[in-house]
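Asks: Coordinates in entry.txt, compact mmCIF, C-alpha atoms and all ligand atoms, are listed below.
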# COMPACT_ATOMS: atom_id res chain seq x y z
CA MET A 8 0.00 0.00 0.00
CA TYR A 9 1.23 3.53 -0.78
CA ASP A 10 1.09 6.19 1.94
CA ILE A 11 -0.08 8.82 -0.53
CA ILE A 12 -1.31 8.66 -4.11
CA VAL A 13 -1.24 11.93 -6.04
CA ILE A 14 -3.44 12.22 -9.13
CA GLY A 15 -1.88 14.66 -11.59
CA ALA A 16 1.70 15.52 -12.54
CA GLY A 17 1.35 19.25 -13.13
CA PRO A 18 2.96 21.83 -10.79
CA ALA A 19 0.45 21.10 -7.98
CA GLY A 20 0.72 17.30 -8.05
CA ILE A 21 4.49 17.15 -8.47
CA THR A 22 5.11 19.71 -5.72
CA ALA A 23 2.78 17.79 -3.40
CA ALA A 24 4.69 14.59 -4.16
CA ILE A 25 8.09 16.24 -3.57
CA TYR A 26 7.06 17.66 -0.18
CA ALA A 27 5.43 14.39 0.90
CA LYS A 28 8.37 12.27 -0.22
CA ARG A 29 10.92 14.51 1.49
CA ALA A 30 8.85 14.23 4.69
CA GLY A 31 9.29 10.45 4.56
CA ALA A 32 6.14 9.22 2.79
CA ASN A 33 5.91 6.49 0.19
CA VAL A 34 4.37 8.34 -2.78
CA LEU A 35 2.88 7.37 -6.14
CA VAL A 36 1.97 9.95 -8.80
CA LEU A 37 -0.48 8.92 -11.52
CA TYR A 38 -1.09 11.13 -14.52
CA ASN A 39 -2.57 11.01 -17.97
CA GLY A 40 -3.43 13.67 -20.50
CA GLU A 41 -1.89 17.09 -20.91
CA SER A 42 -1.05 19.34 -17.98
CA ASN A 43 -1.97 22.98 -18.58
CA VAL A 44 1.73 23.77 -18.23
CA GLU A 45 2.51 21.68 -21.31
CA LYS A 46 0.17 23.89 -23.36
CA THR A 47 2.24 26.96 -22.49
CA ASP A 48 4.92 28.12 -24.92
CA LYS A 49 6.60 30.59 -22.65
CA ILE A 50 6.25 31.30 -18.93
CA GLU A 51 7.75 34.63 -17.88
CA ASN A 52 6.12 35.19 -14.50
CA TYR A 53 7.35 32.21 -12.51
CA TYR A 54 10.15 32.80 -10.02
CA GLY A 55 13.74 31.98 -10.93
CA PHE A 56 13.77 31.77 -14.74
CA LYS A 57 15.39 35.01 -15.85
CA ASP A 58 14.63 34.46 -19.55
CA GLY A 59 11.37 32.62 -18.99
CA ILE A 60 10.91 28.90 -19.65
CA ASP A 61 8.76 26.88 -22.03
CA GLY A 62 6.01 24.83 -20.41
CA GLN A 63 7.03 21.46 -21.86
CA THR A 64 10.51 21.79 -20.31
CA LEU A 65 9.09 22.93 -16.97
CA PHE A 66 6.72 19.94 -16.91
CA LYS A 67 9.48 17.46 -17.84
CA ASN A 68 11.85 18.93 -15.25
CA GLY A 69 9.18 18.62 -12.55
CA VAL A 70 8.54 14.95 -13.29
CA GLU A 71 12.28 14.20 -13.38
CA GLN A 72 12.84 16.08 -10.13
CA ALA A 73 10.21 13.91 -8.42
CA LYS A 74 11.66 10.73 -9.92
CA ASN A 75 15.16 11.74 -8.75
CA LEU A 76 13.73 11.84 -5.21
CA GLU A 77 12.39 8.30 -5.77
CA VAL A 78 8.76 9.26 -6.13
CA VAL A 79 7.08 6.61 -8.30
CA VAL A 80 5.54 8.35 -11.33
CA ARG A 81 3.31 6.36 -13.69
CA LYS A 82 1.45 7.41 -16.81
CA GLU A 83 -1.93 5.81 -16.10
CA GLU A 84 -5.36 7.34 -16.44
CA VAL A 85 -7.34 7.32 -13.19
CA LEU A 86 -10.94 6.21 -13.69
CA GLY A 87 -12.24 6.36 -10.14
CA ILE A 88 -11.53 6.73 -6.42
CA GLU A 89 -13.26 4.77 -3.67
CA LYS A 90 -12.86 4.97 0.10
CA ILE A 91 -13.65 1.84 2.08
CA ASP A 92 -12.80 1.51 5.79
CA ASN A 93 -10.27 4.37 5.69
CA VAL A 94 -8.41 2.94 2.69
CA PHE A 95 -8.51 4.69 -0.67
CA TYR A 96 -8.73 2.52 -3.80
CA ILE A 97 -7.64 4.15 -7.04
CA GLU A 98 -8.71 2.43 -10.24
CA THR A 99 -6.69 3.18 -13.37
CA THR A 100 -6.92 1.88 -16.91
CA LEU A 101 -4.34 -0.75 -15.92
CA LYS A 102 -4.89 -1.72 -12.28
CA LYS A 103 -6.14 -0.82 -8.81
CA TYR A 104 -3.90 0.81 -6.18
CA ASP A 105 -4.54 1.47 -2.51
CA SER A 106 -3.30 4.21 -0.20
CA LYS A 107 -3.84 5.88 3.15
CA ALA A 108 -4.30 9.37 1.67
CA VAL A 109 -5.04 10.84 -1.75
CA ILE A 110 -4.21 14.22 -3.27
CA ILE A 111 -6.29 15.33 -6.26
CA ALA A 112 -4.26 17.65 -8.50
CA THR A 113 -6.04 17.12 -11.80
CA GLY A 114 -6.18 20.74 -12.91
CA ASN A 115 -9.28 22.37 -14.33
CA LYS A 116 -11.05 20.87 -17.27
CA ASN A 117 -14.19 21.97 -18.98
CA LEU A 118 -16.57 19.07 -18.46
CA LYS A 119 -19.12 20.26 -20.93
CA PRO A 120 -19.08 19.57 -24.64
CA ASP A 121 -19.95 22.62 -26.68
CA VAL A 122 -23.38 21.31 -27.66
CA LYS A 123 -26.61 23.30 -27.60
CA GLY A 124 -29.01 22.01 -24.95
CA ILE A 125 -26.46 20.47 -22.56
CA SER A 126 -26.62 23.25 -19.97
CA GLU A 127 -30.36 23.71 -20.42
CA PHE A 128 -31.14 20.06 -19.61
CA GLU A 129 -28.73 19.54 -16.71
CA GLY A 130 -30.70 17.62 -14.08
CA LYS A 131 -33.44 17.02 -16.65
CA GLY A 132 -31.83 14.15 -18.49
CA ILE A 133 -28.21 15.36 -18.62
CA SER A 134 -25.99 13.80 -15.94
CA TYR A 135 -22.28 13.72 -15.15
CA CYS A 136 -22.26 10.57 -12.98
CA ALA A 137 -23.62 7.12 -13.86
CA ILE A 138 -23.18 5.75 -10.33
CA CYS A 139 -25.10 8.70 -8.88
CA ASP A 140 -27.94 8.97 -11.41
CA GLY A 141 -27.98 5.69 -13.38
CA PHE A 142 -30.78 4.26 -11.26
CA PHE A 143 -33.22 6.90 -12.57
CA TYR A 144 -32.84 5.40 -16.04
CA ARG A 145 -33.65 1.76 -15.36
CA GLU A 146 -35.23 0.15 -18.45
CA LYS A 147 -34.73 3.44 -20.34
CA ASN A 148 -32.59 4.26 -23.38
CA VAL A 149 -29.48 6.25 -22.52
CA ALA A 150 -26.37 7.58 -24.23
CA VAL A 151 -22.88 8.39 -22.99
CA ILE A 152 -21.00 11.25 -24.69
CA GLY A 153 -17.29 10.40 -24.72
CA ASN A 154 -14.73 8.32 -26.53
CA GLY A 155 -12.30 6.84 -24.01
CA ALA A 156 -11.86 4.58 -21.00
CA PHE A 157 -13.73 6.96 -18.70
CA ALA A 158 -16.82 6.88 -20.97
CA ASN A 159 -16.59 3.09 -21.07
CA LYS A 160 -16.57 2.92 -17.29
CA GLU A 161 -19.88 4.80 -17.28
CA VAL A 162 -21.20 2.39 -19.93
CA GLU A 163 -20.22 -0.62 -17.82
CA HIS A 164 -22.33 0.72 -14.98
CA LEU A 165 -25.31 1.73 -17.12
CA LYS A 166 -25.57 -1.43 -19.22
CA ASN A 167 -26.84 -3.37 -16.17
CA ILE A 168 -29.57 -0.82 -15.51
CA ALA A 169 -30.73 0.73 -18.76
CA ASN A 170 -32.61 -0.85 -21.65
CA SER A 171 -29.97 0.34 -24.14
CA VAL A 172 -26.72 2.29 -24.00
CA THR A 173 -25.25 4.14 -26.97
CA ILE A 174 -21.85 5.84 -27.05
CA LEU A 175 -21.93 9.19 -28.84
CA THR A 176 -18.41 10.24 -29.79
CA ASN A 177 -19.56 13.62 -31.20
CA GLY A 178 -17.30 13.32 -34.24
CA ASN A 179 -14.26 11.97 -32.34
CA GLN A 180 -12.59 8.61 -32.79
CA ILE A 181 -12.85 5.92 -30.12
CA LYS A 182 -9.43 5.99 -28.42
CA ASP A 183 -9.65 3.07 -25.96
CA LYS A 184 -11.05 -0.44 -25.92
CA ILE A 185 -14.81 -0.31 -25.40
CA THR A 186 -17.41 -2.85 -24.32
CA GLU A 187 -18.14 -5.39 -27.05
CA GLY A 188 -21.44 -5.19 -28.90
CA LEU A 189 -22.08 -1.60 -27.87
CA ASN A 190 -23.96 0.85 -30.12
CA VAL A 191 -21.51 3.54 -31.19
CA ASN A 192 -22.60 6.63 -33.07
CA SER A 193 -19.73 8.86 -34.22
CA LYS A 194 -21.72 11.63 -35.87
CA PRO A 195 -21.13 15.21 -34.70
CA ILE A 196 -24.00 16.33 -32.46
CA LYS A 197 -25.93 19.47 -33.36
CA GLN A 198 -28.19 19.78 -30.32
CA ILE A 199 -30.11 18.07 -27.55
CA GLN A 200 -33.86 18.50 -27.84
CA GLY A 201 -36.90 17.89 -25.66
CA GLU A 202 -39.82 19.44 -23.86
CA ASN A 203 -38.72 20.09 -20.25
CA LYS A 204 -36.46 17.01 -20.39
CA VAL A 205 -34.08 15.28 -22.79
CA GLN A 206 -35.93 13.41 -25.52
CA ARG A 207 -33.77 13.46 -28.63
CA VAL A 208 -30.27 14.02 -29.94
CA GLU A 209 -30.10 15.78 -33.28
CA PHE A 210 -26.95 15.21 -35.34
CA GLU A 211 -25.30 17.66 -37.74
CA ASP A 212 -26.49 15.58 -40.73
CA GLY A 213 -30.13 16.07 -39.69
CA SER A 214 -30.65 12.53 -38.38
CA GLY A 215 -31.72 11.93 -34.78
CA LEU A 216 -31.77 9.48 -31.88
CA ASP A 217 -34.62 9.24 -29.36
CA ILE A 218 -33.12 9.05 -25.89
CA ASP A 219 -34.20 9.37 -22.23
CA GLY A 220 -30.90 10.37 -20.65
CA ILE A 221 -27.38 11.44 -21.55
CA PHE A 222 -24.26 10.99 -19.43
CA ILE A 223 -21.26 13.21 -20.12
CA ALA A 224 -17.85 11.49 -19.82
CA ILE A 225 -15.44 13.30 -22.11
CA GLY A 226 -11.70 12.66 -21.99
CA GLU A 227 -10.20 11.72 -18.62
CA ALA A 228 -12.23 11.80 -15.43
CA SER A 229 -11.68 15.22 -13.85
CA GLY A 230 -11.38 16.26 -10.24
CA LEU A 231 -15.03 17.22 -10.42
CA ASP A 232 -16.01 13.75 -11.61
CA PHE A 233 -14.19 12.24 -8.64
CA ALA A 234 -15.82 14.80 -6.36
CA LYS A 235 -19.33 13.94 -7.55
CA ARG A 236 -18.82 10.23 -6.94
CA LEU A 237 -17.20 10.62 -3.52
CA GLY A 238 -19.44 13.36 -2.18
CA ILE A 239 -16.64 15.95 -2.02
CA ALA A 240 -18.02 19.45 -1.50
CA VAL A 241 -17.76 21.64 -4.60
CA LYS A 242 -18.55 25.29 -5.31
CA ASN A 243 -18.80 26.81 -8.79
CA ASP A 244 -17.16 23.71 -10.32
CA PHE A 245 -14.13 23.85 -7.99
CA ILE A 246 -13.32 21.54 -5.07
CA ILE A 247 -13.69 23.19 -1.65
CA VAL A 248 -10.65 22.77 0.64
CA ASP A 249 -9.72 24.10 4.06
CA GLU A 250 -6.47 25.97 4.83
CA ASN A 251 -4.61 22.60 4.88
CA MET A 252 -5.96 21.65 1.43
CA GLN A 253 -8.17 18.97 2.94
CA THR A 254 -11.58 18.36 1.39
CA ASN A 255 -14.60 17.45 3.47
CA ILE A 256 -13.42 13.82 3.27
CA SER A 257 -10.76 12.88 5.79
CA GLY A 258 -7.45 11.94 4.14
CA LEU A 259 -8.47 13.39 0.79
CA TYR A 260 -6.72 16.58 -0.32
CA ALA A 261 -6.94 18.78 -3.42
CA CYS A 262 -4.59 21.43 -4.78
CA GLY A 263 -3.87 23.59 -7.82
CA ASN A 264 -6.33 24.63 -10.49
CA VAL A 265 -8.87 22.04 -9.29
CA THR A 266 -9.56 24.24 -6.24
CA GLY A 267 -10.07 27.45 -8.29
CA GLY A 268 -8.79 30.90 -7.31
CA LEU A 269 -5.69 32.21 -9.08
CA LEU A 270 -5.14 29.72 -11.92
CA GLN A 271 -1.36 30.16 -12.03
CA ILE A 272 1.69 27.98 -11.37
CA CYS A 273 2.75 29.86 -8.21
CA LYS A 274 -0.60 29.13 -6.57
CA ALA A 275 -0.53 25.48 -7.75
CA THR A 276 2.92 24.91 -6.22
CA TYR A 277 1.98 26.68 -2.97
CA GLU A 278 -1.12 24.51 -2.59
CA GLY A 279 0.81 21.40 -3.67
CA ALA A 280 3.35 22.00 -0.89
CA LYS A 281 0.56 22.49 1.64
CA ALA A 282 -1.30 19.37 0.50
CA GLY A 283 1.88 17.25 0.62
CA ILE A 284 2.73 18.39 4.15
CA SER A 285 -0.86 17.99 5.37
CA ALA A 286 -1.23 14.49 3.88
CA VAL A 287 1.98 13.37 5.63
CA LYS A 288 0.72 14.77 8.96
CA PHE A 289 -2.53 12.88 8.38
CA ILE A 290 -0.93 9.49 7.72
CA LYS A 291 1.42 9.85 10.67
C1 LIG A 301 -2.08 28.41 -22.63
C2 LIG A 301 -1.79 28.57 -21.16
C3 LIG A 301 -0.83 29.47 -20.75
C4 LIG A 301 -0.52 29.61 -19.38
N1 LIG A 301 0.47 30.48 -18.99
C5 LIG A 301 0.81 30.59 -17.69
C6 LIG A 301 1.87 31.45 -17.28
O1 LIG A 301 2.51 32.11 -18.08
N2 LIG A 301 2.16 31.50 -15.94
C7 LIG A 301 1.48 30.78 -15.00
O2 LIG A 301 1.81 30.87 -13.82
N3 LIG A 301 0.46 29.96 -15.38
C8 LIG A 301 0.11 29.84 -16.69
N4 LIG A 301 -0.92 29.00 -17.06
C9 LIG A 301 -1.68 28.29 -16.01
C10 LIG A 301 -0.93 27.07 -15.45
O3 LIG A 301 -0.53 26.25 -16.53
C11 LIG A 301 -1.82 26.33 -14.47
O4 LIG A 301 -2.21 27.22 -13.44
C12 LIG A 301 -1.11 25.13 -13.85
O5 LIG A 301 -0.69 24.23 -14.84
C13 LIG A 301 -2.03 24.42 -12.86
O6 LIG A 301 -1.35 23.32 -12.33
P1 LIG A 301 -2.12 22.01 -11.82
O7 LIG A 301 -1.06 21.11 -11.36
O8 LIG A 301 -3.21 22.41 -10.90
O9 LIG A 301 -2.87 21.43 -13.12
P2 LIG A 301 -2.27 20.92 -14.49
O10 LIG A 301 -0.95 21.53 -14.76
O11 LIG A 301 -3.33 21.14 -15.52
O12 LIG A 301 -2.05 19.36 -14.27
C14 LIG A 301 -3.12 18.47 -14.18
C15 LIG A 301 -2.57 17.05 -14.17
O13 LIG A 301 -3.64 16.13 -13.90
C16 LIG A 301 -3.54 15.02 -14.77
N5 LIG A 301 -4.87 14.39 -14.88
C17 LIG A 301 -6.06 14.97 -15.12
N6 LIG A 301 -7.05 14.05 -15.10
C18 LIG A 301 -6.44 12.85 -14.84
C19 LIG A 301 -6.92 11.51 -14.70
N7 LIG A 301 -8.23 11.19 -14.80
N8 LIG A 301 -6.03 10.53 -14.46
C20 LIG A 301 -4.71 10.81 -14.33
N9 LIG A 301 -4.20 12.06 -14.45
C21 LIG A 301 -5.08 13.06 -14.70
C22 LIG A 301 -2.97 15.61 -16.05
O14 LIG A 301 -2.33 14.62 -16.82
C23 LIG A 301 -1.94 16.60 -15.48
O15 LIG A 301 -0.75 15.90 -15.23
C24 LIG A 301 -1.23 28.86 -18.42
C25 LIG A 301 -2.21 27.95 -18.84
C26 LIG A 301 -2.50 27.79 -20.19
C27 LIG A 301 -3.56 26.81 -20.63
Any chance you could put this one into structure tokens?
Ligand SMILES: Cc1cc2nc3c(=O)[nH]c(=O)nc-3n(C[C@H](O)[C@H](O)[C@H](O)COP(=O)(O)OP(=O)(O)OC[C@H]3O[C@@H](n4cnc5c(N)ncnc54)[C@H](O)[C@@H]3O)c2cc1C

Replies:
Amino acid sequence: MYDIIVIGAGPAGITAAIYAKRAGANVLVLYNGESNVEKTDKIENYYGFKDGIDGQTLFKNGVEQAKNLEVVVRKEEVLGIEKIDNVFYIETTLKKYDSKAVIIATGNKNLKPDVKGISEFEGKGISYCAICDGFFYREKNVAVIGNGAFANKEVEHLKNIANSVTILTNGNQIKDKITEGLNVNSKPIKQIQGENKVQRVEFEDGSGLDIDGIFIAIGEASGLDFAKRLGIAVKNDFIIVDENMQTNISGLYACGNVTGGLLQICKATYEGAKAGISAVKFIK
């Protein structure tokens, strides 16, 4: 068992791992997908780089720095977090890990596809969590918008409840192995339609699909997805933490862009340091 598992290898996650490791904890960092830092060509406002630094180099240096301190860093997409009897179980696309504490440093991601009707029908047929809302759709026809392992995890839950499950890739290619025999529709979506609740998906080519519910699971699971499943308190799409970066769940911390505020590297590293120190205090 690891002492601490950190999800995310951006400035927040790596700093958390460095502080926790140097305080004596056994730390695993799991990451998948692009950190916001990697999208940045030049950073001129972060301390200590007199000519600025490109984001890809800063990201790579951070990961190597953690590895040099013997933090275990693995490129694995996290699909879900569970807490049972004070142990956290982290499921990735490859395996399940357990730990005494978890730090969520997954950055901020826009959960919503840019499709007309999604916001309008939230809570009226649009859901972001199959485990939370799947039961409302027993014997109904549902769709999952997404194209990867995270979407497939939602499908696996829904297929035992719903009458039918269709994956809507919204014009994207399927990028991971998906459940055999599943209906997959790859057409770009124009809009979601219905009277007071979701009833139909209209595609760009004018065709349509009658549907009772739609679950959104685009790309990797985000901090908010984890929050919804675990009952972590959230405000305005950001995870709420106390001054020690702890969420409302004991042993579960969050830091960096996932907690909102100033969405900059200096704030992500500050919160990462705090989360790392707090998680070590917690496990000791
Ligand atoms: C174009 C651009 C320019 C910017 N310029 C600046 C600048 O000049 N100065 C500045 O200070 N800030 C800048 N920023 C902001 C800065 O990049 C962010 O504030 C910072 O990266 C936040 O760090 P973080 O660790 O919270 O999140 P991120 O750096 O986004 O890292 C998130 C990590 O979580 C991982 N992850 C997410 N979901 C999963 C999952 N399900 N499973 C496993 N891993 C997962 C990702 O792989 C990634 O490693 C810029 C951002 C952008 C987009």

Asks: Would you compute the distance between atom CA of Glu71 of chain A and atom CA of Ala261 of chain A? Give it in Å to one decimal.

Replies: 22.1 Å

Asks: Nearest residue to ligand LIG 301 (chain A) out of A:Ile11, A:Ile284, A:Ile88, A:Ile133, using all atoms listed in the file?

Replies: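 The shortest atom-to-atom distance to ligand LIG 301 (chain A) comes from A:Ile88.
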
Asks: Would you kindly identify which residues have an atom no farther than 10 Å from (4.0, 18.5, 3.6), using only C-alpha atoms and the file's own coordinates, and write them out as a compact mmCIF listing (two decimals) with C-alpha atoms, in the frame of the given file?

Replies:
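Listed below is the output, result-v8.txt:
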# COMPACT_ATOMS: atom_id res chain seq x y z
CA THR A 22 5.11 19.71 -5.72
CA ALA A 23 2.78 17.79 -3.40
CA ALA A 24 4.69 14.59 -4.16
CA ILE A 25 8.09 16.24 -3.57
CA TYR A 26 7.06 17.66 -0.18
CA ALA A 27 5.43 14.39 0.90
CA LYS A 28 8.37 12.27 -0.22
CA ARG A 29 10.92 14.51 1.49
CA ALA A 30 8.85 14.23 4.69
CA GLY A 31 9.29 10.45 4.56
CA ALA A 32 6.14 9.22 2.79
CA ASN A 251 -4.61 22.60 4.88
CA GLY A 279 0.81 21.40 -3.67
CA ALA A 280 3.35 22.00 -0.89
CA LYS A 281 0.56 22.49 1.64
CA ALA A 282 -1.30 19.37 0.50
CA GLY A 283 1.88 17.25 0.62
CA ILE A 284 2.73 18.39 4.15
CA SER A 285 -0.86 17.99 5.37
CA ALA A 286 -1.23 14.49 3.88
CA VAL A 287 1.98 13.37 5.63
CA LYS A 288 0.72 14.77 8.96
CA PHE A 289 -2.53 12.88 8.38

Asks: Counting all atoms listed in the file, name the residues that have an atom within 8 Å of an atom of ligand LIG 301 (chain A); the answer should be given as an NGL selection string.

Replies: :A and (14-21 or 37-53 or 62 or 82-87 or 99 or 112-116 or 157 or 227-230 or 262-265 or 269-276 or 279)

Asks: Could you tell me how far atom CA of Glu127 of chain A lies from atom CA of Asp212 of chain A, in Å and to one decimal?

Replies: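 Answer for the atom CA of Glu127 of chain A to atom CA of Asp212 of chain A separation: 22.2 Å.
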
Asks: So what do you get for atom CA of Tyr277 of chain A versus atom CA of Val78 of chain A, distance-wise?

Replies: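 Atom-to-atom, atom CA of Tyr277 of chain A and atom CA of Val78 of chain A are spaced 19.0 Å apart.
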
Asks: Give me, as number ranges by chain, all polymer residues having an atom no more than 8 Å from Leu231 of chain A, counting all atoms listed in the file and skipping those fewer than 2 positions away in the same chain.

Replies: A: 228-229, 233-235, 241, 244-246, 265

Asks: Taking all atoms listed in the file into account, name the residue in A:Asn154, A:Thr64, A:Asn159, A:Asn170 that is nearest to Phe142 of chain A.

Replies: A:Asn170

Asks: Of the residues A:Val109, A:Ile174, A:Ala169, A:Val205, which is the one nearest to Phe128 of chain A, using only C-alpha atoms?

Replies: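 Of A:Val109, A:Ile174, A:Ala169, A:Val205, the one nearest Phe128 of chain A is A:Val205, counting only C-alpha atoms.
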
Asks: For Ser126 of chain A, list every protein, DNA or RNA residue within 12 Å, evaluated using only C-alpha atoms, and leave out those in the same chain fewer than 2 positions away; present the list as a ChimeraX atom specification.

Replies: /A:118-124,128-135,198-200,204-205,221,223

Asks: Can I get segment 205-226 of chain A with N, CA, C and O atoms filled in, as a PDB file, keeping the file's coordinate frame?

Replies:
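Contents of rebuild31.pdb, as written:
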ATOM      1  N   VAL A 205     -34.745  15.815 -21.582  1.00  0.00           N
ATOM      2  CA  VAL A 205     -34.080  15.280 -22.790  1.00  0.00           C
ATOM      3  C   VAL A 205     -34.975  14.241 -23.467  1.00  0.00           C
ATOM      4  O   VAL A 205     -35.496  13.332 -22.820  1.00  0.00           O
ATOM      5  N   GLN A 206     -35.145  14.413 -24.785  1.00  0.00           N
ATOM      6  CA  GLN A 206     -35.930  13.410 -25.520  1.00  0.00           C
ATOM      7  C   GLN A 206     -35.219  12.946 -26.787  1.00  0.00           C
ATOM      8  O   GLN A 206     -35.431  11.833 -27.246  1.00  0.00           O
ATOM      9  N   ARG A 207     -34.358  13.804 -27.344  1.00  0.00           N
ATOM     10  CA  ARG A 207     -33.770  13.460 -28.630  1.00  0.00           C
ATOM     11  C   ARG A 207     -32.426  14.139 -28.836  1.00  0.00           C
ATOM     12  O   ARG A 207     -32.220  15.262 -28.357  1.00  0.00           O
ATOM     13  N   VAL A 208     -31.544  13.404 -29.519  1.00  0.00           N
ATOM     14  CA  VAL A 208     -30.270  14.020 -29.940  1.00  0.00           C
ATOM     15  C   VAL A 208     -30.387  14.267 -31.435  1.00  0.00           C
ATOM     16  O   VAL A 208     -30.742  13.359 -32.191  1.00  0.00           O
ATOM     17  N   GLU A 209     -30.107  15.492 -31.841  1.00  0.00           N
ATOM     18  CA  GLU A 209     -30.100  15.780 -33.280  1.00  0.00           C
ATOM     19  C   GLU A 209     -28.654  15.892 -33.743  1.00  0.00           C
ATOM     20  O   GLU A 209     -27.855  16.599 -33.126  1.00  0.00           O
ATOM     21  N   PHE A 210     -28.310  15.178 -34.823  1.00  0.00           N
ATOM     22  CA  PHE A 210     -26.950  15.210 -35.340  1.00  0.00           C
ATOM     23  C   PHE A 210     -26.826  16.262 -36.438  1.00  0.00           C
ATOM     24  O   PHE A 210     -27.823  16.703 -37.005  1.00  0.00           O
ATOM     25  N   GLU A 211     -25.561  16.619 -36.730  1.00  0.00           N
ATOM     26  CA  GLU A 211     -25.300  17.660 -37.740  1.00  0.00           C
ATOM     27  C   GLU A 211     -25.892  17.294 -39.100  1.00  0.00           C
ATOM     28  O   GLU A 211     -26.273  18.163 -39.879  1.00  0.00           O
ATOM     29  N   ASP A 212     -25.976  15.985 -39.416  1.00  0.00           N
ATOM     30  CA  ASP A 212     -26.490  15.580 -40.730  1.00  0.00           C
ATOM     31  C   ASP A 212     -28.019  15.541 -40.779  1.00  0.00           C
ATOM     32  O   ASP A 212     -28.616  15.091 -41.754  1.00  0.00           O
ATOM     33  N   GLY A 213     -28.669  15.978 -39.693  1.00  0.00           N
ATOM     34  CA  GLY A 213     -30.130  16.070 -39.690  1.00  0.00           C
ATOM     35  C   GLY A 213     -30.809  14.826 -39.112  1.00  0.00           C
ATOM     36  O   GLY A 213     -32.001  14.861 -38.802  1.00  0.00           O
ATOM     37  N   SER A 214     -30.055  13.739 -38.962  1.00  0.00           N
ATOM     38  CA  SER A 214     -30.650  12.530 -38.380  1.00  0.00           C
ATOM     39  C   SER A 214     -30.790  12.711 -36.871  1.00  0.00           C
ATOM     40  O   SER A 214     -30.243  13.665 -36.295  1.00  0.00           O
ATOM     41  N   GLY A 215     -31.501  11.777 -36.223  1.00  0.00           N
ATOM     42  CA  GLY A 215     -31.720  11.930 -34.780  1.00  0.00           C
ATOM     43  C   GLY A 215     -31.756  10.601 -34.054  1.00  0.00           C
ATOM     44  O   GLY A 215     -31.793   9.532 -34.673  1.00  0.00           O
ATOM     45  N   LEU A 216     -31.702  10.678 -32.720  1.00  0.00           N
ATOM     46  CA  LEU A 216     -31.770   9.480 -31.880  1.00  0.00           C
ATOM     47  C   LEU A 216     -32.671   9.815 -30.688  1.00  0.00           C
ATOM     48  O   LEU A 216     -32.403  10.776 -29.953  1.00  0.00           O
ATOM     49  N   ASP A 217     -33.760   9.030 -30.527  1.00  0.00           N
ATOM     50  CA  ASP A 217     -34.620   9.240 -29.360  1.00  0.00           C
ATOM     51  C   ASP A 217     -33.931   8.673 -28.126  1.00  0.00           C
ATOM     52  O   ASP A 217     -33.427   7.551 -28.159  1.00  0.00           O
ATOM     53  N   ILE A 218     -33.902   9.441 -27.058  1.00  0.00           N
ATOM     54  CA  ILE A 218     -33.120   9.050 -25.890  1.00  0.00           C
ATOM     55  C   ILE A 218     -33.757   9.604 -24.615  1.00  0.00           C
ATOM     56  O   ILE A 218     -34.378  10.659 -24.649  1.00  0.00           O
ATOM     57  N   ASP A 219     -33.616   8.896 -23.497  1.00  0.00           N
ATOM     58  CA  ASP A 219     -34.200   9.370 -22.230  1.00  0.00           C
ATOM     59  C   ASP A 219     -33.193  10.087 -21.347  1.00  0.00           C
ATOM     60  O   ASP A 219     -33.569  10.885 -20.499  1.00  0.00           O
ATOM     61  N   GLY A 220     -31.909   9.730 -21.509  1.00  0.00           N
ATOM     62  CA  GLY A 220     -30.900  10.370 -20.650  1.00  0.00           C
ATOM     63  C   GLY A 220     -29.540  10.345 -21.314  1.00  0.00           C
ATOM     64  O   GLY A 220     -29.244   9.452 -22.119  1.00  0.00           O
ATOM     65  N   ILE A 221     -28.729  11.346 -20.972  1.00  0.00           N
ATOM     66  CA  ILE A 221     -27.380  11.440 -21.550  1.00  0.00           C
ATOM     67  C   ILE A 221     -26.384  11.660 -20.428  1.00  0.00           C
ATOM     68  O   ILE A 221     -26.561  12.549 -19.582  1.00  0.00           O
ATOM     69  N   PHE A 222     -25.326  10.858 -20.417  1.00  0.00           N
ATOM     70  CA  PHE A 222     -24.260  10.990 -19.430  1.00  0.00           C
ATOM     71  C   PHE A 222     -23.019  11.542 -20.119  1.00  0.00           C
ATOM     72  O   PHE A 222     -22.617  11.053 -21.172  1.00  0.00           O
ATOM     73  N   ILE A 223     -22.417  12.565 -19.516  1.00  0.00           N
ATOM     74  CA  ILE A 223     -21.260  13.210 -20.120  1.00  0.00           C
ATOM     75  C   ILE A 223     -19.987  12.619 -19.500  1.00  0.00           C
ATOM     76  O   ILE A 223     -19.824  12.649 -18.276  1.00  0.00           O
ATOM     77  N   ALA A 224     -19.106  12.085 -20.336  1.00  0.00           N
ATOM     78  CA  ALA A 224     -17.850  11.490 -19.820  1.00  0.00           C
ATOM     79  C   ALA A 224     -16.749  11.685 -20.863  1.00  0.00           C
ATOM     80  O   ALA A 224     -16.207  10.749 -21.432  1.00  0.00           O
ATOM     81  N   ILE A 225     -16.414  12.949 -21.069  1.00  0.00           N
ATOM     82  CA  ILE A 225     -15.440  13.300 -22.110  1.00  0.00           C
ATOM     83  C   ILE A 225     -14.022  13.246 -21.584  1.00  0.00           C
ATOM     84  O   ILE A 225     -13.750  13.725 -20.478  1.00  0.00           O
ATOM     85  N   GLY A 226     -13.119  12.688 -22.368  1.00  0.00           N
ATOM     86  CA  GLY A 226     -11.700  12.660 -21.990  1.00  0.00           C
ATOM     87  C   GLY A 226     -11.462  11.897 -20.703  1.00  0.00           C
ATOM     88  O   GLY A 226     -12.135  10.914 -20.412  1.00  0.00           O
TER      89      GLY A 226
END
